[in-house]
>>> print(open('work-v1.txt').read())   # compact mmCIF, C-alpha atoms
# COMPACT_ATOMS: atom_id res chain seq x y z
CA ALA A 1 32.19 -68.99 176.72
CA GLY A 2 30.27 -65.95 177.89
CA LEU A 3 28.53 -65.52 174.50
CA ARG A 4 27.63 -69.22 174.40
CA LEU A 5 26.34 -68.91 177.93
CA TRP A 6 23.97 -66.09 176.93
CA ALA A 7 22.69 -67.73 173.78
CA ASP A 8 22.38 -71.43 174.66
CA SER A 9 18.88 -72.51 175.58
CA ARG A 10 19.93 -75.98 176.76
CA ALA A 11 20.36 -76.07 180.53
CA GLY A 12 23.26 -78.52 180.64
CA GLU A 13 25.50 -76.81 178.10
CA ALA A 14 24.62 -73.39 179.48
CA GLY A 15 25.64 -74.50 182.96
CA TRP A 16 29.02 -75.75 181.76
CA ALA A 17 29.57 -72.57 179.74
CA TRP A 18 28.72 -70.54 182.85
CA LEU A 19 31.33 -72.37 184.91
CA LEU A 20 33.92 -72.23 182.13
CA SER A 21 33.52 -68.48 181.69
CA LEU A 22 34.17 -67.92 185.40
CA VAL A 23 37.13 -70.30 185.48
CA LEU A 24 38.72 -68.54 182.50
CA LEU A 25 38.19 -65.14 184.11
CA PHE A 26 39.92 -66.10 187.36
CA TYR A 27 42.68 -68.00 185.57
CA GLY A 28 43.43 -64.92 183.48
CA LEU A 29 43.47 -62.66 186.53
CA TYR A 30 45.79 -64.95 188.48
CA GLN A 31 48.12 -65.24 185.50
CA TRP A 32 48.15 -61.47 185.15
CA GLU A 33 48.88 -60.94 188.85
CA GLY A 34 51.69 -63.50 188.79
CA TRP A 35 52.65 -66.35 191.07
CA PRO A 36 53.22 -66.81 193.94
CA ARG A 37 50.51 -64.54 195.25
CA PRO A 38 51.55 -62.25 198.12
CA ARG A 39 49.95 -62.69 201.50
CA ILE A 40 47.94 -59.75 202.78
CA SER A 41 46.91 -60.97 206.21
CA ARG A 42 48.21 -63.23 208.91
CA ARG A 43 46.49 -66.29 210.26
CA PRO A 44 44.74 -66.08 213.63
CA ARG A 45 47.12 -66.52 216.56
CA LEU A 46 46.39 -68.52 219.68
CA ARG A 47 45.06 -65.54 221.63
CA GLU A 48 42.35 -64.99 219.03
CA GLY A 49 42.07 -68.54 217.74
CA LEU A 50 40.95 -69.97 221.09
CA PRO A 51 38.09 -67.52 221.72
CA LEU A 52 37.04 -67.75 218.08
CA ALA A 53 36.97 -71.54 218.32
CA ALA A 54 34.92 -71.28 221.51
CA ILE A 55 32.39 -68.98 219.84
CA LEU A 56 32.10 -71.32 216.86
CA ALA A 57 31.72 -74.35 219.16
CA VAL A 58 28.87 -72.72 221.10
CA ALA A 59 27.23 -71.56 217.87
CA ALA A 60 27.50 -75.06 216.43
CA PHE A 61 25.96 -76.63 219.52
CA PHE A 62 22.88 -74.44 219.46
CA ARG A 63 22.47 -74.78 215.69
CA PHE A 64 22.77 -78.57 215.60
CA TYR A 65 21.10 -79.50 218.90
CA GLN A 66 18.11 -81.76 218.10
CA LEU A 67 18.10 -80.22 214.63
CA GLY A 68 15.71 -82.76 213.17
CA ASP A 69 13.18 -82.42 216.00
CA LEU A 70 13.20 -78.72 216.93
CA PRO A 71 11.12 -77.15 215.62
CA PRO A 72 8.92 -80.25 215.39
CA GLY A 73 7.66 -81.47 212.05
CA SER A 74 8.39 -79.20 209.12
CA LEU A 75 7.26 -75.77 208.04
CA SER A 76 5.30 -75.57 204.80
CA ASP A 77 8.22 -73.88 203.05
CA GLU A 78 10.60 -76.60 204.24
CA ALA A 79 8.27 -79.32 202.97
CA LEU A 80 7.82 -77.68 199.57
CA VAL A 81 11.58 -77.18 199.12
CA ALA A 82 12.26 -80.76 200.19
CA ASP A 83 9.73 -82.04 197.65
CA MET A 84 11.34 -80.06 194.80
CA VAL A 85 14.83 -81.15 195.81
CA THR A 86 13.79 -84.80 196.06
CA ARG A 87 12.39 -84.67 192.52
CA LEU A 88 15.61 -83.03 191.34
CA ALA A 89 17.90 -85.52 193.11
CA TRP A 90 16.22 -88.60 191.65
CA GLY A 91 14.99 -87.18 188.34
CA LEU A 92 11.31 -87.62 189.17
CA GLU A 93 8.47 -86.17 187.14
CA GLY A 94 7.85 -82.49 187.73
CA GLY A 95 11.42 -81.88 188.89
CA ILE A 96 13.67 -78.90 188.29
CA LYS A 97 15.11 -78.76 184.76
CA SER A 98 17.61 -75.90 184.92
CA PRO A 99 19.59 -74.14 187.68
CA PHE A 100 18.95 -70.78 186.00
CA GLU A 101 15.15 -70.84 185.94
CA VAL A 102 12.45 -70.51 188.59
CA ALA A 103 10.52 -73.57 189.72
CA TRP A 104 8.75 -71.91 192.62
CA ILE A 105 9.50 -68.27 193.46
CA HIS A 106 13.32 -68.47 193.66
CA VAL A 107 16.05 -69.27 191.17
CA ASN A 108 16.81 -72.99 191.15
CA LEU A 109 20.61 -72.89 191.50
CA PRO A 110 20.71 -73.16 195.33
CA TYR A 111 18.66 -76.36 195.22
CA TYR A 112 21.44 -78.29 193.49
CA PRO A 113 23.78 -78.50 196.54
CA MET A 114 20.78 -79.59 198.58
CA ALA A 115 20.00 -82.30 196.02
CA LEU A 116 23.55 -83.61 196.38
CA ALA A 117 23.12 -83.65 200.16
CA PHE A 118 19.87 -85.56 199.78
CA LYS A 119 21.69 -88.17 197.69
CA LEU A 120 24.45 -88.51 200.28
CA MET A 121 22.50 -88.17 203.55
CA GLY A 122 18.96 -89.08 202.58
CA ALA A 123 15.87 -87.06 201.69
CA ALA A 124 14.87 -85.63 205.05
CA ILE A 125 14.14 -82.31 206.73
CA PHE A 126 17.20 -82.96 208.92
CA THR A 127 19.39 -82.92 205.81
CA SER A 128 18.12 -79.58 204.56
CA ARG A 129 18.41 -78.08 208.04
CA THR A 130 21.96 -79.41 208.34
CA LEU A 131 22.95 -77.46 205.23
CA SER A 132 21.43 -74.30 206.71
CA ALA A 133 23.34 -74.82 209.95
CA LEU A 134 26.60 -75.27 208.03
CA TYR A 135 25.93 -72.14 205.98
CA GLY A 136 25.24 -70.30 209.22
CA LEU A 137 28.52 -71.40 210.81
CA ALA A 138 30.41 -70.44 207.67
CA THR A 139 28.82 -66.98 207.80
CA ILE A 140 29.96 -66.50 211.39
CA LEU A 141 33.54 -67.42 210.48
CA VAL A 142 33.64 -65.18 207.40
CA PHE A 143 32.13 -62.33 209.40
CA TYR A 144 34.98 -62.61 211.89
CA PHE A 145 37.61 -62.13 209.18
CA LEU A 146 35.69 -59.20 207.71
CA ALA A 147 35.40 -57.53 211.10
CA ARG A 148 39.08 -58.20 211.86
CA HIS A 149 40.10 -56.52 208.61
CA MET A 150 37.96 -53.51 209.49
CA PHE A 151 38.38 -53.06 213.25
CA GLY A 152 40.98 -55.44 214.68
CA VAL A 153 40.88 -58.60 216.78
CA ALA A 154 38.97 -57.55 219.91
CA PRO A 155 36.05 -55.81 218.14
CA ALA A 156 35.90 -58.70 215.65
CA LEU A 157 35.57 -61.26 218.44
CA ALA A 158 32.88 -59.17 220.15
CA GLY A 159 30.93 -58.73 216.93
CA THR A 160 31.23 -62.42 216.05
CA PHE A 161 29.91 -63.37 219.49
CA LEU A 162 26.90 -61.09 218.97
CA LEU A 163 26.23 -62.54 215.52
CA ALA A 164 26.50 -66.11 216.82
CA GLY A 165 23.87 -65.26 219.45
CA SER A 166 21.65 -63.23 217.13
CA ARG A 167 18.05 -64.42 217.29
CA TRP A 168 17.53 -63.93 213.55
CA HIS A 169 20.74 -65.72 212.58
CA PHE A 170 20.06 -68.57 214.99
CA HIS A 171 16.51 -68.94 213.65
CA VAL A 172 17.33 -69.08 209.93
CA SER A 173 20.34 -71.35 210.58
CA ARG A 174 18.02 -74.09 211.86
CA LEU A 175 15.45 -74.09 209.06
CA GLY A 176 15.82 -75.78 205.68
CA TRP A 177 13.88 -73.27 203.66
CA GLU A 178 14.37 -70.74 200.86
CA ASN A 179 18.07 -69.97 200.92
CA VAL A 180 17.83 -67.08 203.38
CA ILE A 181 21.02 -67.79 205.30
CA GLN A 182 23.03 -68.11 202.06
CA VAL A 183 22.34 -64.44 201.32
CA ALA A 184 24.12 -63.49 204.54
CA LEU A 185 27.04 -65.79 203.68
CA PHE A 186 27.62 -64.48 200.15
CA GLU A 187 26.99 -60.89 201.19
CA THR A 188 29.66 -61.14 203.90
CA LEU A 189 32.07 -62.85 201.49
CA ALA A 190 31.50 -60.08 198.94
CA PHE A 191 32.45 -57.32 201.35
CA LEU A 192 35.42 -59.27 202.71
CA PHE A 193 36.86 -59.78 199.22
CA LEU A 194 36.13 -56.17 198.32
CA LEU A 195 38.07 -54.88 201.32
CA ARG A 196 40.94 -57.30 200.65
CA GLY A 197 41.07 -56.18 197.04
CA ALA A 198 41.07 -52.49 197.90
CA ARG A 199 43.98 -52.98 200.31
CA SER A 200 46.03 -55.34 198.15
CA ASP A 201 45.52 -53.95 194.62
CA ARG A 202 44.67 -57.48 193.43
CA PRO A 203 41.93 -57.61 190.78
CA SER A 204 41.23 -61.27 191.60
CA GLU A 205 39.94 -60.23 195.03
CA PHE A 206 37.55 -57.77 193.36
CA ALA A 207 36.46 -60.55 191.01
CA TRP A 208 35.67 -62.81 193.96
CA ALA A 209 33.61 -59.94 195.38
CA GLY A 210 31.69 -59.75 192.10
CA LEU A 211 31.11 -63.51 192.05
CA SER A 212 29.89 -63.48 195.67
CA THR A 213 27.56 -60.56 194.94
CA GLY A 214 26.11 -62.40 191.96
CA LEU A 215 25.59 -65.61 193.93
CA ALA A 216 23.75 -63.62 196.62
CA VAL A 217 21.27 -62.57 193.92
CA TYR A 218 20.61 -66.26 193.12
CA MET A 219 19.45 -66.87 196.67
CA TYR A 220 16.50 -65.32 198.51
CA HIS A 221 14.79 -62.14 197.25
CA ALA A 222 16.77 -59.99 199.69
CA GLY A 223 19.95 -60.95 197.84
CA LYS A 224 19.11 -58.35 195.19
CA LEU A 225 19.79 -55.66 197.78
CA VAL A 226 23.47 -56.65 197.79
CA LEU A 227 23.85 -55.02 194.36
CA PRO A 228 23.19 -51.40 195.50
CA MET A 229 24.99 -52.12 198.77
CA MET A 230 28.10 -53.10 196.79
CA GLY A 231 27.88 -49.82 194.89
CA VAL A 232 27.71 -47.86 198.13
CA ALA A 233 30.64 -49.85 199.53
CA LEU A 234 32.77 -49.07 196.45
CA LEU A 235 32.01 -45.37 196.78
CA PHE A 236 32.75 -45.46 200.51
CA LEU A 237 36.13 -47.14 199.97
CA LEU A 238 37.04 -44.68 197.24
CA LEU A 239 36.30 -41.72 199.50
CA VAL A 240 37.49 -43.03 202.88
CA GLU A 241 40.09 -45.79 202.45
CA GLY A 242 43.45 -44.03 202.51
CA ARG A 243 45.51 -46.86 201.01
CA ILE A 244 43.69 -47.02 197.68
CA ARG A 245 45.63 -46.36 194.47
CA LEU A 246 43.16 -45.01 191.94
CA ALA A 247 44.60 -46.81 188.89
CA SER A 248 44.57 -50.20 190.63
CA PHE A 249 41.10 -49.51 192.04
CA ARG A 250 39.72 -48.89 188.55
CA VAL A 251 41.14 -52.21 187.33
CA GLY A 252 39.65 -53.93 190.37
CA VAL A 253 36.22 -52.43 189.74
CA LEU A 254 36.35 -53.67 186.14
CA ALA A 255 37.21 -57.16 187.41
CA LEU A 256 34.32 -56.99 189.88
CA VAL A 257 31.85 -55.88 187.23
CA GLY A 258 33.11 -58.54 184.82
CA ALA A 259 32.74 -61.34 187.36
CA LEU A 260 29.32 -60.05 188.38
CA ALA A 261 28.17 -59.86 184.77
CA LEU A 262 29.31 -63.40 184.02
CA THR A 263 27.72 -64.70 187.20
CA LEU A 264 24.35 -63.15 186.35
CA ALA A 265 24.54 -63.57 182.56
CA ARG A 266 22.51 -66.78 182.26
CA LEU A 267 19.99 -65.63 184.87
CA MET A 268 19.47 -62.35 183.01
CA SER A 269 19.08 -64.10 179.64
CA VAL A 270 16.35 -66.33 181.08
CA ALA A 271 14.64 -63.35 182.74
CA LEU A 272 14.62 -61.33 179.50
CA ARG A 273 13.24 -64.24 177.48
CA ASP A 274 10.59 -65.34 179.95
>>> encode(input="work-v1.txt", output="structure tokens")
Amino acid sequence: AGLRLWADSRAGEAGWAWLLSLVLLFYGLYQWEGWPRPRISRRPRLREGLPLAAILAVAAFFRFYQLGDLPPGSLSDEALVADMVTRLAWGLEGGIKSPFEVAWIHVNLPYYPMALAFKLMGAAIFTSRTLSALYGLATILVFYFLARHMFGVAPALAGTFLLAGSRWHFHVSRLGWENVIQVALFETLAFLFLLRGARSDRPSEFAWAGLSTGLAVYMYHAGKLVLPMMGVALLFLLLVEGRIRLASFRVGVLALVGALALTLARLMSVALRD
């Protein structure tokens, strides 16, 4: 599937080959690890669940309050993205042809979920902003679990509160433009899975980290910075994390690199050809 993915020039078949290659990778890893999979962390208890829910509720209120009217109208970037997504959703002339190519200045893949939202909710700036708000809330929740793994409950709640009130995060969570907030989401997911993998010796967690890193690259330009950041994080864990077993860590890194390579394979083939 990976070889077909690299070679196929037809967008539809390449997209299915891309998905199939990833599905086969994770299926193989889960089969190798065995079932049932062991748990490595507990669910939030009431004492942390209540304040976390309160933080998320406040964050949701400020991100969804008059979302279609504030800011008024639409920014030029929002309007351009909405036009491309509308053409994609209804197959209009001049629309996007492949998720792995560039229609404007970003890879097209992130526009496909927005096109589905347009079909379900209507082609409107409110729809694209709603997706950004949902991505923003998801980032806050994932950040909490990452911080809890690293520092414990109290620091994680404090850090999540600060992120929920961050001016930058609040701003980009209310605008339906070029996939900026998705970079933060996939970046946070990548480091969460990486830490889980290092502490559990499960290659599938490393693979999820590789997939998340690759998806971050598909988003805004800044997503490319996640690649060197992941390298630094791997080196940091190897030197600092006391619970790492070197043999398992090497297998995990191979799984991460494999998932990352498959995730970026079609994008790289298009970049090299064009």
>>> atom_distance(input="work-v1.txt", atom1="atom CA of A:Leu234", atom2="atom CA of A:His149")
16.0 Å
>>> residues_near_point(input="work-v1.txt", point="(30.7, -68.7, 224.5)", cutoff="12 Å", atoms="only C-alpha atoms", output="count of residues only")
21
>>> residues_around(input="work-v1.txt", residues="A:Met150", least_positions_apart="4", cutoff="12 Å", atoms="all atoms listed in the file", output="list in words")
Phe143, Tyr144, Phe145, Leu146, Ala154, Pro155, Ala156, Gly159, Phe191, Leu192, Leu194, Leu195, Arg196, Arg199, Leu237 and Glu241 of chain A
>>> closest_residue(input="work-v1.txt", among="A:Arg245, A:Leu19, A:Phe170, A:Leu25", to="A:Val257", atoms="all atoms listed in the file")
A:Leu25
>>> residues_around(input="work-v1.txt", residues="stretch 116-127 of chain A", least_positions_apart="2", cutoff="9 Å", atoms="only C-alpha atoms", output="number ranges by chain")
A: 67-69, 73-74, 78-79, 82-83, 85-86, 89-90, 111-114, 129-132, 175-176
>>> residues_around(input="work-v1.txt", residues="A:Ala198", least_positions_apart="6", cutoff="10 Å", atoms="all atoms listed in the file", output="ChimeraX atom specification")
/A:205-206,234,237-238,241-246,248-249,252-253
>>> closest_residue(input="work-v1.txt", among="A:Asn108, A:Thr263, A:Ser21, A:Ser128", to="A:Gly210", atoms="all atoms listed in the file")
A:Thr263
>>> closest_residue(input="work-v1.txt", among="A:Arg45, A:Val251, A:Leu235, A:Val270", to="A:Ala207", atoms="all atoms listed in the file")
A:Val251
>>> atom_distance(input="work-v1.txt", atom1="atom CA of A:Trp177", atom2="atom CA of A:Leu272")
27.0 Å
>>> closest_residue(input="work-v1.txt", among="A:His106, A:Arg174, A:Arg202, A:Arg47", to="A:Ala216", atoms="all atoms listed in the file")
A:His106
>>> residues_around(input="work-v1.txt", residues="A:Gly223", least_positions_apart="6", cutoff="10 Å", atoms="all atoms listed in the file", output="list in words")
Asn179, Val180, Gln182, Val183, Ala184, Phe186, Glu187, Thr213, Gly214, Leu215, Ala216 and Val217 of chain A
>>> decode(input="work-v1.txt", residues="stretch 197-250 of chain A", atoms="C-alpha atoms", output="mmCIF file, in the first residue's frame")
data_model
loop_
_atom_site.group_PDB
_atom_site.id
_atom_site.type_symbol
_atom_site.label_atom_id
_atom_site.label_comp_id
_atom_site.auth_asym_id
_atom_site.auth_seq_id
_atom_site.Cartn_x
_atom_site.Cartn_y
_atom_site.Cartn_z
ATOM 1 C CA GLY A 197 4.893 5.323 24.562
ATOM 2 C CA ALA A 198 8.135 5.974 26.417
ATOM 3 C CA ARG A 199 6.518 5.034 29.729
ATOM 4 C CA SER A 200 4.562 2.013 28.498
ATOM 5 C CA ASP A 201 6.958 0.390 25.996
ATOM 6 C CA ARG A 202 4.104 0.241 23.466
ATOM 7 C CA PRO A 203 5.182 0.876 19.860
ATOM 8 C CA SER A 204 1.605 1.789 18.892
ATOM 9 C CA GLU A 205 1.825 4.893 21.090
ATOM 10 C CA PHE A 206 5.008 5.928 19.272
ATOM 11 C CA ALA A 207 3.228 5.320 15.968
ATOM 12 C CA TRP A 208 0.386 7.609 17.014
ATOM 13 C CA ALA A 209 3.035 10.217 17.847
ATOM 14 C CA GLY A 210 4.450 9.834 14.340
ATOM 15 C CA LEU A 211 1.007 10.129 12.754
ATOM 16 C CA SER A 212 0.212 13.256 14.795
ATOM 17 C CA THR A 213 3.561 14.812 13.875
ATOM 18 C CA GLY A 214 2.904 14.150 10.197
ATOM 19 C CA LEU A 215 -0.601 15.611 10.350
ATOM 20 C CA ALA A 216 0.814 18.761 11.978
ATOM 21 C CA VAL A 217 2.977 19.206 8.867
ATOM 22 C CA TYR A 218 -0.172 19.124 6.693
ATOM 23 C CA MET A 219 -1.567 22.137 8.518
ATOM 24 C CA TYR A 220 -0.146 25.660 8.731
ATOM 25 C CA HIS A 221 3.498 26.415 7.844
ATOM 26 C CA ALA A 222 4.518 26.338 11.512
ATOM 27 C CA GLY A 223 3.610 22.646 11.609
ATOM 28 C CA LYS A 224 6.962 21.855 9.969
ATOM 29 C CA LEU A 225 8.655 22.936 13.198
ATOM 30 C CA VAL A 226 7.118 19.941 14.973
ATOM 31 C CA LEU A 227 9.572 17.668 13.120
ATOM 32 C CA PRO A 228 12.769 19.008 14.784
ATOM 33 C CA MET A 229 10.875 19.458 18.046
ATOM 34 C CA MET A 230 10.000 15.747 18.006
ATOM 35 C CA GLY A 231 13.675 14.928 17.504
ATOM 36 C CA VAL A 232 14.634 17.056 20.496
ATOM 37 C CA ALA A 233 11.881 15.437 22.571
ATOM 38 C CA LEU A 234 13.141 11.936 21.705
ATOM 39 C CA LEU A 235 16.670 12.882 22.731
ATOM 40 C CA PHE A 236 15.401 14.478 25.938
ATOM 41 C CA LEU A 237 13.419 11.371 26.907
ATOM 42 C CA LEU A 238 16.369 9.119 26.163
ATOM 43 C CA LEU A 239 18.647 11.169 28.413
ATOM 44 C CA VAL A 240 16.250 12.157 31.212
ATOM 45 C CA GLU A 241 13.347 9.701 31.475
ATOM 46 C CA GLY A 242 14.443 7.093 34.005
ATOM 47 C CA ARG A 243 11.853 4.446 33.118
ATOM 48 C CA ILE A 244 12.942 3.936 29.508
ATOM 49 C CA ARG A 245 14.158 0.501 28.408
ATOM 50 C CA LEU A 246 16.559 1.043 25.530
ATOM 51 C CA ALA A 247 15.483 -1.979 23.457
ATOM 52 C CA SER A 248 11.787 -1.052 23.653
ATOM 53 C CA PHE A 249 12.612 2.600 22.974
ATOM 54 C CA ARG A 250 14.411 1.670 19.748
#
